[in-house]
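Only one structure is covered here, and it is reproduced in the block below.
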Amino acid sequence: REVQPPQQPAVHSFSAAFHSALTAVHAVLSPRAKVPPYYVLNFFNFSREPAMSTRPVSHSVNRTRWLTLIGTIITQFALGSVYTWSLFNGQLSQKLDAPVSQIAFSFGLLSLGLAIASSLAGKLQERFGVRNVAIGAGVLMAVGFFLTAHASNLFMLYLSAGVLVGLADGAGYLMTLSNCVKWFPERKGVISACAIGAYGLGSLGFKFICSYLLSVNSLETTFIIWGGLAMMMIIA
């Protein structure tokens with residue numbers, strides 16, 4: 001079973017909210033009053049429970065959420081690799097005997113697929129779970145690159161590198177990001193920055209990886225290795 005991130009405290013009755021309000025006012029007006037600090041901090045939550053950031057986190061939950069962060073960073077790094085696409089425009093243009101502008105249009109389709117899949121990521125997560133969607137995204141990305149390696153015309157290129165890879169990238173990107181943030185409600189900004197930064201670094205890191213692969217392998221082999229590497233990083 002999937003381990004769910006800790007939930008936010010439930011909202012209490014009006015009497016509890018009123019009590020918290022009076023306690024907060026009393027704390028402000030009477031500096032010497034011995035009032036637990038979380039009453040003041042949690043006033044706008046209308047709750048008498050300590051805020052999420054003040055409650056101790058069990059060792060198992062703490063370990064799970066840090067592992068989730070590491071996995072998200074690795075996944076985002078792999079997903080960001082699609083932004084190295086410009087490295088392949090020239091060789092694909094020669095292989096398919098088509099203008100570079102038509103080859104580059106596949107990246108436009110990839111961006112469209114990314115946007116569509118990102119908008120559906122929440123529903124996919126609710127229905128299939130984070131783990132299953134991540135596995136599906138990794139497999140779909142590998143299949144997309146495999147078909148790209150064997151594309152013999154523009155339509156095949158648009159379908160594989162554009163639609164399939166774009167859908168896989170979009171589904172994995174937003175879902176893993178939002179899931180990771182849920183585990184760190186007290187550090188949402190920092191966690192989002194780590195995940196998005198890894199996505200951006202993926203384009204830089206894979207630029208060197210793909211450049212090296214192109215220098216020692218054929219175009220087709222490079223696409224297959226790229227897809228397999230991305231899949232392993234997403235699924236692992």
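By convention here, the chains of the structure tokens are called A, B, ... in the order presented, each chain's residues are numbered starting at 1, and ligands are numbered starting at 1 in the order presented.
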(request) Write out as an NGL selection string the residues lying within 6 Å of Ser160 (chain A), counting only C-alpha atoms and excluding same-chain residues fewer than 6 positions away. (result) :A and (144 or 147-148)
Please dump the current selection as an mmCIF file, in the first residue's frame; keep N, CA and C atoms.
data_model
loop_
_atom_site.group_PDB
_atom_site.id
_atom_site.type_symbol
_atom_site.label_atom_id
_atom_site.label_comp_id
_atom_site.auth_asym_id
_atom_site.auth_seq_id
_atom_site.Cartn_x
_atom_site.Cartn_y
_atom_site.Cartn_z
ATOM 1 N N GLY A 144 8.352 6.072 -26.290
ATOM 2 C CA GLY A 144 8.391 7.211 -27.205
ATOM 3 C C GLY A 144 9.756 7.386 -27.847
ATOM 4 N N LEU A 147 10.465 4.478 -30.359
ATOM 5 C CA LEU A 147 9.800 4.695 -31.640
ATOM 6 C C LEU A 147 10.439 5.853 -32.409
ATOM 7 N N THR A 148 10.940 6.845 -31.686
ATOM 8 C CA THR A 148 11.640 7.951 -32.339
ATOM 9 C C THR A 148 12.895 7.447 -33.041
#
(message) Report as a list in words all protein, DNA and RNA residues lying within 10 Å of Gln125 (chain A), evaluated on only C-alpha atoms, omitting residues in the same chain fewer than 4 positions from it.
(response) Leu120, Ala121, Gly129, Val130, Arg131, Asn132, Val133, Ala134, Ala171, Met175, Thr176 and Asn179 of chain A
Convert the current residue selection to file output with N, CA and C atoms, as a PDB file, in the first residue's frame.
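Result file follows (again.pdb):
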ATOM      1  N   LEU A 120      -4.082  16.906 -16.441  1.00  0.00           N
ATOM      2  CA  LEU A 120      -4.792  15.676 -16.084  1.00  0.00           C
ATOM      3  C   LEU A 120      -4.075  14.880 -15.003  1.00  0.00           C
ATOM      4  N   ALA A 121      -2.915  15.352 -14.569  1.00  0.00           N
ATOM      5  CA  ALA A 121      -2.095  14.593 -13.624  1.00  0.00           C
ATOM      6  C   ALA A 121      -2.825  14.333 -12.310  1.00  0.00           C
ATOM      7  N   GLY A 129      -2.980   6.206  -8.455  1.00  0.00           N
ATOM      8  CA  GLY A 129      -1.941   6.317  -7.443  1.00  0.00           C
ATOM      9  C   GLY A 129      -0.644   6.866  -8.014  1.00  0.00           C
ATOM     10  N   VAL A 130       0.150   7.465  -7.158  1.00  0.00           N
ATOM     11  CA  VAL A 130       1.391   8.112  -7.589  1.00  0.00           C
ATOM     12  C   VAL A 130       2.354   7.114  -8.209  1.00  0.00           C
ATOM     13  N   ARG A 131       2.527   5.981  -7.556  1.00  0.00           N
ATOM     14  CA  ARG A 131       3.504   4.998  -8.027  1.00  0.00           C
ATOM     15  C   ARG A 131       3.155   4.475  -9.421  1.00  0.00           C
ATOM     16  N   ASN A 132       1.896   4.123  -9.615  1.00  0.00           N
ATOM     17  CA  ASN A 132       1.491   3.565 -10.911  1.00  0.00           C
ATOM     18  C   ASN A 132       1.617   4.582 -12.038  1.00  0.00           C
ATOM     19  N   VAL A 133       1.257   5.825 -11.758  1.00  0.00           N
ATOM     20  CA  VAL A 133       1.364   6.859 -12.792  1.00  0.00           C
ATOM     21  C   VAL A 133       2.835   7.133 -13.120  1.00  0.00           C
ATOM     22  N   ALA A 134       3.690   7.119 -12.109  1.00  0.00           N
ATOM     23  CA  ALA A 134       5.123   7.340 -12.348  1.00  0.00           C
ATOM     24  C   ALA A 134       5.706   6.215 -13.207  1.00  0.00           C
ATOM     25  N   ALA A 171       2.792  14.179 -17.386  1.00  0.00           N
ATOM     26  CA  ALA A 171       2.175  13.404 -16.312  1.00  0.00           C
ATOM     27  C   ALA A 171       3.135  13.227 -15.143  1.00  0.00           C
ATOM     28  N   MET A 175       2.757  15.693 -11.270  1.00  0.00           N
ATOM     29  CA  MET A 175       2.303  14.764 -10.246  1.00  0.00           C
ATOM     30  C   MET A 175       3.362  14.537  -9.178  1.00  0.00           C
ATOM     31  N   THR A 176       4.606  14.289  -9.590  1.00  0.00           N
ATOM     32  CA  THR A 176       5.656  14.061  -8.606  1.00  0.00           C
ATOM     33  C   THR A 176       5.964  15.327  -7.817  1.00  0.00           C
ATOM     34  N   ASN A 179       3.014  15.835  -5.278  1.00  0.00           N
ATOM     35  CA  ASN A 179       3.052  14.798  -4.245  1.00  0.00           C
ATOM     36  C   ASN A 179       4.170  15.067  -3.250  1.00  0.00           C
TER      37      ASN A 179
END
(request) Compile the contact shell of Ala78 (chain A) as a list in words: residues with an atom at most 9 Å away, counting only C-alpha atoms, same-chain residues fewer than 4 positions apart removed. (result) Ile73, Ile74, Val82, Ala198, Tyr199, Gly202, Ser203, Phe206, Leu229, Ala230, Met231, Met233 and Ile234 of chain A
(message) Between CA of Ser111 (chain A) and CA of Leu214 (chain A), what distance in Å does the model show, to one decimal?
(response)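 These two atoms are separated by 23.7 Å.
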(message) With only C-alpha atoms as the counted atoms, please give the residues lying no more than 10 Å from Ser152 (chain A), apart from itself and same-chain residues fewer than 5 positions off, as a list in words.
(response)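 The residues satisfying every condition are Leu92, Lys95, Leu96, Asp97, Leu147 and Leu157 of chain A.
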(request) Could you tell me how far CA of His59 (chain A) lies from CA of Gly71 (chain A), in Å and to one decimal? (result)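 About the pair CA of His59 (chain A) and CA of Gly71 (chain A): they are 18.3 Å apart.
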(request) Name the closest residue to Phe107 (chain A) among the candidates A:Gly122, A:Tyr83, A:Gln91, A:Gly227; distances are taken between atoms, counting only C-alpha atoms. (result)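 For Phe107 (chain A), the nearest of the candidates is A:Tyr83.
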